[in-house]
Each structure stands twice: as structure tokens, then as C-alpha cells.
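Down below is the structure, laid out as C-alpha cells.
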Amino acid sequence: MRTFEQYYEDLKKMKHNIWIGEEIVGRDDPRIRGGMNIIKETFDHVDEEEYKDLCTATSHLTGKRINRFCHIHHSVDDLLKKQQMTRVLSHRVGGCIQRCMGIDAINALSVITYEVDQALGTDFYKRFEVYLKYFQENDLVASCAQTDTKGDRLKRPHEQEDPDQYLRVIETKEDGIVVRGCKICITNTAYADELVAVPTRFMGPKDNDYAVAFALPSDWDRVKLLVRPAYFRQSKYGLEAPGLRLGDVETMIIFDDVFVPNERVFLNGNADPRQTPYAGFLALMFAHYHRHSYTGCKPAVSEVIASAAALVAEYNGIEKTSHVRDKLSHLIGTAELVNAAGIASAYRAEKAPSGTYIPDEILTNAGRRLAGEEIYNEYKILADLSGGIVAALPFEGSFFAKDVGELAMKYLKRNPRVDPVNIYRCFRGIENMLVADLAGVMQVAGLHGGGSPQMETITMMARYDIEKLKDIAKYLFGIRKKLHRYDRPPVTPRKMLEKFRKVMELKK
């Protein structure tokens, strides 16, 4: 396993293909360092007694101890530890740990490439296993590029006026493919070793060119990263805090006629239209694993907000009031319900033919939807308990200026038992959580990251057997005379794959 220092040195060796505005910069640009400081947490604790059980696993390929962010889930325990690892590390960074996309993408590929090979006689799973071994042995950080620009939302990929609005294969060669298109709203690509591209939706019979999946180093030739860094304001007066050294970089990834060698191609409907239907299942599988990861990180976000809310209530002298207790209980309750949904979905997981465990889809999406629906309400509670000062706090220098510093601290003081410097630290921290550049990014990410609540609703309603559910009411209302025992079976994308295989066999 790598250290953070080795990871950072490897990044600095990569080609400069990052655009910040008009500038082309390398991975050593200080504006993207905040995101690396988050990734640092995923390297730093693998040998610590307190964390190593969560942060490491045993590779099913080599039998070696590896970083859990490079692991394929082969048991319920693997799913639970991944979820708990995500939660406890997210506490340390105050939000998204930013490495979950990689583990979610490789687990999705492990399921779908096996399915394609079994059905069509391809060698994608064999390619994937070679890639996975390389991925694990080098302890790589990956970004998953899923969301296409999509153009006209009412039209399918092949119907777009500009055919490049979805990533597509423009040529299949003997030794690889050439792809063109763009992926947007992608976190961490600027400081990831690799990017894994997967489809964003189900593809129809005329969308063959868009059924493509592959992996590349993130500095690969003709890959262009247009980034938007966001970070907290840094202290110039010795008030640095771990939570304020962090940041985020969102990326628009442009694939400008990029060549992908065969060994890194994992789906290609351009070469074989029979592969096209699997694009949707791969899109679904990544989203599913990613939403399960959210049942780890989103409870952590709720707990971070609750922690800040409880602290500022104490510093404001209102912690004993009933309305504060009600609001804190709401934050805590949301965190526990979202986490419980992820735990339950892991316990109801099914083993895919590849050996990878897939959590229950209804529970995973229910947990993720609750987190997305509540995120702005949670920030509202924090803003309510903090007061307007977090949006009107004078700049840091005023609190340390020769003529006004002492006066500024004097009038900031609330609770007489709390040092005004700590009161300032608290308000400055919450200012960053609520109104800083990064705060806006985190709030929108809380709503849309991993899929908006509307997408979770669509997925749940597509899987849940509503007709069978109606039988309960029919029996209670006397419309039907008998009610058979109703136990909802586990629901995973594997069930859809089984139905799909039967349909394909009938077509043959």
C-alpha cells in the first residue's frame, strides 16, 4: 500500500492537462491541494490499530492486505465495513471522503463484465481482473466518470442534434477504440490516478456507439480536465484547523478523440450491438453501489452538522432550550435512519455470479433519498441556531488588528464560560460550512451527488412490487378473501439481470 507522500509524488509526475480558467496547471497547484488533503485520510490510517480493520482488506486475487478502497465486496461484512469506513473517515474531513467513486466503479465492473462474458463469450472480465490486480497492487485512487452532458433531455443519445452530447465510440480499431464526448460534475479527477468511464443510462437499439466503458490514467493523451476548485478560507493568524485545510475539485472531463487500448476497454456496443443493453445495467450498478456508500458518508455529514449545531448552541447559551433539543434530535435521527438503511441493505445483499455482493436496492435508494431530501433542512437548522453572524462575521484580520482586535473579541463573546477565541473559531468554522465557496458545493452535492431524490424515487418505484403490496389492502377491505404471507424479498439489480437474460434467450 502507498503512503500519502508516494501518492502525491506520483501525481506530480503526471502530465499537465488541468485547466483552471485559462491556465494549464499540474497536480502540484495549491488550489487543488484541499481535495488531496481529504484523500490523505484514506492513506494515513491503514496501519493504525483503531482504523486498520476498517481501512484494509484481503485481496481475493492475491491474498495480500490492500486498501479497502481497492477491494471487491465478497461478503456482507465487506459491505458493512466499507460503509462504516466511509462514515468514520468522513467525520475526519467534515464531508465526502472522495475516494468512494473508485471502489463503487470497480465493484460495478466486477459484476457486469462477468455477466457480459457469460452471455456473449467476450473476455471483459478477464481484462478487468488484470486491471484490478494492477489497481490493487498500486493502491490507486480512481474517479468515476458517469454523468454525460445529455444535451436535449427529451431525446435519446442517438437522437441528439450533436451526437457528442453523450460519450461515444467513434471508431473501433484492432488494438482499441477511439472515444469522443464529455463527462460533467465529476469529483476528484484532478487528483485521481485513474478515471473509470461508465454509461449514464440505459441505451436503446440505436444507441450502440454510446454503450462504452473503460479506464485510463487521468493524464492520458487528449483527456482534458476543466476544473472548479472550492476550498475554505485559510488562516493567517495561527488559527489553522484540520477541517479548514480541505477542499473539493469538480471536473468537466473532455475526451477529445481519445484512444483507449483494448486491455482497458470493458464494454463496446460499437463493435458488438449485443453488448448495448448491458450499458444500462452497468450505469445502474455503479449508481447502486455509490448510493450504498452514501449511507455511510451522508450520516457523517448529518453528524458533522449536528456537532456544529450543538457546539454553537452551547456557545450561544441556548443549549438547554427545548427547540434546540428538538432540532438536534432531528439531525441525529436522520443520520441514524440513513445509516440503518445501508446496514439493512447490506444484510439483505445477494451474491452475484462473479462472487461480488450486491446490497438490497430498495433500502439503499430509500436511505439515499432521505439524505438528499433532508440536506437543506439540516443546513437550515445549523443556520437557525448559529444566527446571522455567520454571514456577517468581520474578516479574520479585524480580530487580530492592533486597535480593534480586543474590542472585536469582546463583542463577539456570548457564553461567559467560553474563551472568545474559541467562540470565534466556532463561528468561523460554521461560516465556512454555510456561506463559503465550498459550502455551496457541499450543499448541492448533498442533494444531487450519487443521484437526486427524484432518481432514487424512479429506481424504487421501478423495483417495488406495488401490485403485490395492494393485496394487503384488498384483504383488509374484504376485496380478496385470503392474504398470503408478505415478506418483501431482497431486491438487487441482479434480479433485473436475470430477467434480462431470459428475454435475450427468448430472442435467440
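Ordering of the C-alpha cells sets the chain letters (A, B, ...); residue numbers start at 1 within each chain; ligands are numbered from 1 in the order shown.
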I'd like the neighbourhood of Glu159 (chain A) as a compact mmCIF listing (two decimals) with N, CA and C atoms, in the first residue's frame, where a residue qualifies if any of its atoms comes within 10 Å (using only C-alpha atoms), though same-chain residues fewer than 5 positions away should be ignored.
# COMPACT_ATOMS: atom_id res chain seq x y z
N ASP A 152 -30.29 17.65 -25.15
CA ASP A 152 -31.74 17.74 -25.02
C ASP A 152 -32.22 16.55 -24.19
N LEU A 154 -34.99 15.38 -23.51
CA LEU A 154 -36.13 14.63 -24.02
C LEU A 154 -35.76 13.70 -25.17
N LYS A 206 -30.58 1.76 -31.06
CA LYS A 206 -29.82 2.65 -31.95
C LYS A 206 -28.74 3.43 -31.21
N ASP A 207 -28.53 3.08 -29.93
CA ASP A 207 -27.54 3.80 -29.12
C ASP A 207 -26.26 2.99 -28.94
Pull the closest atom pair for each residue of region 150-247 of chain A that gets at most 7 Å from region 422-438 of chain A, along with the distance in Å to one decimal, counting only C-alpha atoms, ordering rows by chain and then ascending residue number, as CSV.
residue,atom,partner,partner_atom,distance
A:Ala230,CA,A:Leu438,CA,4.8
A:Tyr231,CA,A:Leu438,CA,5.1
A:Phe232,CA,A:Asn432,CA,6.0
A:Gly247,CA,A:Leu438,CA,6.9
Original post:
Leu246 (chain A): which residues within 12 Å, counting only C-alpha atoms, same-chain residues fewer than 6 positions away excluded, as a ChimeraX atom specification?
Top reply: /A:30-41,90,92-98,229-234,240,432-433,438-439,442
For the residues in that selection, give me C-alpha atoms as a tab-separated table (two decimals), in the first residue's frame.
chain	number	residue	atom	x	y	z
A	30	PRO	CA	-2.12	24.77	-4.43
A	31	ARG	CA	-5.72	25.39	-5.50
A	32	ILE	CA	-6.38	21.66	-5.74
A	33	ARG	CA	-4.41	20.66	-2.64
A	34	GLY	CA	-7.52	20.82	-0.42
A	35	GLY	CA	-9.00	17.80	-2.19
A	36	MET	CA	-5.74	15.89	-1.82
A	37	ASN	CA	-5.83	16.58	1.91
A	38	ILE	CA	-9.12	14.68	2.01
A	39	ILE	CA	-7.67	11.74	0.07
A	40	LYS	CA	-4.76	11.81	2.52
A	41	GLU	CA	-7.05	10.43	5.22
A	90	SER	CA	-15.98	11.36	6.61
A	92	ARG	CA	-12.40	13.45	9.89
A	93	VAL	CA	-12.94	15.64	6.81
A	94	GLY	CA	-16.37	17.07	7.57
A	95	GLY	CA	-17.98	15.57	4.48
A	96	CYS	CA	-17.34	13.44	1.41
A	97	ILE	CA	-14.21	11.29	1.61
A	98	GLN	CA	-13.97	11.49	-2.22
A	229	PRO	CA	-11.74	24.20	-7.19
A	230	ALA	CA	-13.50	25.16	-3.98
A	231	TYR	CA	-11.93	25.44	-0.55
A	232	PHE	CA	-12.22	27.07	2.85
A	233	ARG	CA	-10.52	30.35	3.66
A	234	GLN	CA	-7.14	29.79	5.27
A	240	GLU	CA	-5.48	26.66	11.36
A	432	ASN	CA	-17.18	28.07	6.13
A	433	MET	CA	-19.82	25.34	6.39
A	438	LEU	CA	-17.06	25.17	-0.69
A	439	ALA	CA	-20.24	25.33	1.41
A	442	MET	CA	-21.31	20.64	-0.49
**OP:** Run DSSP on the backbone of this structure and report the residues of region 110-260 of chain A it assigns to helix (DSSP H, G or I), as a PyMOL selection string.
**Re:** chain A and resi 110-120+124-137+157-159+163-165+189-191+208-210+242-244
So that I have them on file, write out the residues from the current selection with N, CA and C atoms, as a compact mmCIF listing (two decimals), in the first residue's frame.
# COMPACT_ATOMS: atom_id res chain seq x y z
N SER A 110 -17.01 -5.40 -11.76
CA SER A 110 -16.78 -6.82 -11.45
C SER A 110 -18.04 -7.65 -11.67
N VAL A 111 -19.21 -7.04 -11.48
CA VAL A 111 -20.48 -7.74 -11.70
C VAL A 111 -20.82 -7.81 -13.18
N ILE A 112 -20.78 -6.67 -13.86
CA ILE A 112 -21.31 -6.59 -15.23
C ILE A 112 -20.37 -7.21 -16.25
N THR A 113 -19.06 -7.02 -16.12
CA THR A 113 -18.15 -7.65 -17.10
C THR A 113 -18.28 -9.16 -17.06
N TYR A 114 -18.50 -9.73 -15.89
CA TYR A 114 -18.69 -11.18 -15.77
C TYR A 114 -19.97 -11.59 -16.50
N GLU A 115 -21.04 -10.82 -16.31
CA GLU A 115 -22.31 -11.12 -16.96
C GLU A 115 -22.17 -11.09 -18.49
N VAL A 116 -21.48 -10.09 -18.99
CA VAL A 116 -21.30 -9.97 -20.44
C VAL A 116 -20.51 -11.16 -20.98
N ASP A 117 -19.45 -11.52 -20.28
CA ASP A 117 -18.63 -12.66 -20.73
C ASP A 117 -19.44 -13.95 -20.77
N GLN A 118 -20.25 -14.18 -19.72
CA GLN A 118 -21.03 -15.41 -19.67
C GLN A 118 -22.07 -15.47 -20.78
N ALA A 119 -22.64 -14.34 -21.11
CA ALA A 119 -23.70 -14.31 -22.11
C ALA A 119 -23.18 -14.28 -23.54
N LEU A 120 -22.08 -13.55 -23.75
CA LEU A 120 -21.64 -13.28 -25.13
C LEU A 120 -20.28 -13.88 -25.48
N PHE A 124 -14.09 -9.55 -21.28
CA PHE A 124 -14.03 -8.34 -20.47
C PHE A 124 -13.69 -8.62 -19.01
N TYR A 125 -14.24 -9.69 -18.45
CA TYR A 125 -13.97 -9.97 -17.04
C TYR A 125 -12.50 -10.34 -16.84
N LYS A 126 -11.95 -11.08 -17.80
CA LYS A 126 -10.52 -11.42 -17.70
C LYS A 126 -9.68 -10.13 -17.76
N ARG A 127 -10.05 -9.23 -18.65
CA ARG A 127 -9.35 -7.93 -18.73
C ARG A 127 -9.50 -7.18 -17.41
N PHE A 128 -10.72 -7.22 -16.88
CA PHE A 128 -10.97 -6.49 -15.65
C PHE A 128 -10.12 -7.04 -14.51
N GLU A 129 -10.00 -8.35 -14.40
CA GLU A 129 -9.21 -8.93 -13.31
C GLU A 129 -7.74 -8.53 -13.41
N VAL A 130 -7.23 -8.46 -14.63
CA VAL A 130 -5.84 -7.99 -14.81
C VAL A 130 -5.73 -6.54 -14.36
N TYR A 131 -6.70 -5.73 -14.77
CA TYR A 131 -6.71 -4.32 -14.37
C TYR A 131 -6.86 -4.19 -12.86
N LEU A 132 -7.74 -4.98 -12.28
CA LEU A 132 -7.99 -4.91 -10.83
C LEU A 132 -6.72 -5.25 -10.04
N LYS A 133 -6.00 -6.25 -10.49
CA LYS A 133 -4.75 -6.61 -9.81
C LYS A 133 -3.78 -5.43 -9.84
N TYR A 134 -3.67 -4.79 -11.00
CA TYR A 134 -2.82 -3.60 -11.13
C TYR A 134 -3.33 -2.48 -10.21
N PHE A 135 -4.64 -2.32 -10.17
CA PHE A 135 -5.28 -1.28 -9.36
C PHE A 135 -4.97 -1.49 -7.88
N GLN A 136 -5.08 -2.74 -7.42
CA GLN A 136 -4.86 -3.05 -6.02
C GLN A 136 -3.38 -2.96 -5.65
N GLU A 137 -2.53 -3.49 -6.48
CA GLU A 137 -1.10 -3.51 -6.15
C GLU A 137 -0.50 -2.12 -6.11
N PRO A 157 -29.69 9.32 -26.77
CA PRO A 157 -28.35 9.68 -27.26
C PRO A 157 -28.26 9.78 -28.78
N HIS A 158 -28.78 8.79 -29.50
CA HIS A 158 -28.64 8.80 -30.96
C HIS A 158 -29.52 9.85 -31.62
N GLU A 159 -30.48 10.44 -30.89
CA GLU A 159 -31.38 11.45 -31.45
C GLU A 159 -30.86 12.87 -31.29
N PRO A 163 -24.24 14.65 -31.81
CA PRO A 163 -24.11 13.27 -31.33
C PRO A 163 -23.09 13.11 -30.20
N ASP A 164 -22.31 14.15 -29.92
CA ASP A 164 -21.29 14.06 -28.87
C ASP A 164 -21.80 14.45 -27.49
N GLN A 165 -23.11 14.68 -27.35
CA GLN A 165 -23.65 15.07 -26.04
C GLN A 165 -23.62 13.91 -25.04
N THR A 189 -11.26 14.11 -9.99
CA THR A 189 -10.48 13.66 -11.14
C THR A 189 -9.12 14.35 -11.21
N ALA A 190 -9.04 15.60 -10.77
CA ALA A 190 -7.79 16.36 -10.86
C ALA A 190 -6.68 15.75 -10.00
N TYR A 191 -7.04 14.96 -8.99
CA TYR A 191 -6.02 14.34 -8.15
C TYR A 191 -6.26 12.83 -8.01
N ASN A 208 -25.97 2.12 -29.88
CA ASN A 208 -24.84 1.19 -29.72
C ASN A 208 -23.52 1.90 -29.45
N ASP A 209 -23.28 3.00 -30.14
CA ASP A 209 -21.98 3.70 -30.01
C ASP A 209 -21.78 4.24 -28.60
N TYR A 210 -22.87 4.40 -27.85
CA TYR A 210 -22.79 5.02 -26.52
C TYR A 210 -22.66 3.98 -25.41
N PRO A 242 -7.89 21.34 11.31
CA PRO A 242 -7.91 20.26 10.34
C PRO A 242 -9.04 20.37 9.32
N GLY A 243 -10.23 20.77 9.80
CA GLY A 243 -11.38 20.85 8.90
C GLY A 243 -11.32 21.96 7.89
N LEU A 244 -10.37 22.90 8.05
CA LEU A 244 -10.30 24.03 7.13
C LEU A 244 -9.17 23.90 6.11
Original post:
Which of region 112-296 of chain A counts as strand (DSSP E or B) under DSSP, as JSON, numbers by chain please?
Top reply: {"A": [142, 143, 144, 145, 148, 168, 169, 170, 171, 172, 176, 177, 178, 179, 180, 181, 182, 183, 184, 185, 186, 187, 194, 195, 196, 197, 212, 213, 214, 215, 216, 217, 223, 224, 225, 226, 227, 228, 229, 230, 231, 247, 248, 249, 250, 251, 252, 253, 254, 255, 256, 257, 258, 259, 260, 261, 265, 266, 267, 268]}
**OP:** Take CA of Asp465 (chain A) and CA of Phe286 (chain A) and report the distance between them in Å, one decimal.
**Re:** 22.8 Å
Subject >> Closest of A:His292, A:Lys320, A:Lys13, A:Arg153 to Lys81 (chain A) - atom-to-atom distances counting only C-alpha atoms >> reply: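 With only C-alpha atoms as the atom set, the closest residue is A:His292.
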Contact table region 52-152 of chain A vs region 344-368 of chain A, cut-off 7 Å, shortest pair per residue, only C-alpha atoms, as JSON lines:
{"residue": "A:Ile72", "atom": "CA", "partner": "A:Thr356", "partner_atom": "CA", "distance": 6.6}
{"residue": "A:His73", "atom": "CA", "partner": "A:Thr356", "partner_atom": "CA", "distance": 5.5}
{"residue": "A:His74", "atom": "CA", "partner": "A:Thr356", "partner_atom": "CA", "distance": 5.1}
{"residue": "A:Ser75", "atom": "CA", "partner": "A:Tyr357", "partner_atom": "CA", "distance": 6.0}
{"residue": "A:Val76", "atom": "CA", "partner": "A:Ala346", "partner_atom": "CA", "distance": 5.7}
{"residue": "A:Leu79", "atom": "CA", "partner": "A:Ala346", "partner_atom": "CA", "distance": 5.9}
{"residue": "A:Leu80", "atom": "CA", "partner": "A:Ala346", "partner_atom": "CA", "distance": 6.3}
{"residue": "A:Ser110", "atom": "CA", "partner": "A:Ser354", "partner_atom": "CA", "distance": 6.8}
{"residue": "A:Val111", "atom": "CA", "partner": "A:Ser354", "partner_atom": "CA", "distance": 5.8}
{"residue": "A:Tyr114", "atom": "CA", "partner": "A:Ser354", "partner_atom": "CA", "distance": 5.9}
**OP:** Extract, using only C-alpha atoms, all DNA, RNA and protein residues at most 7 Å from Gly280 (chain A), discarding same-chain residues fewer than 5 positions from it, and format them as a count of residues only.
**Re:** 4
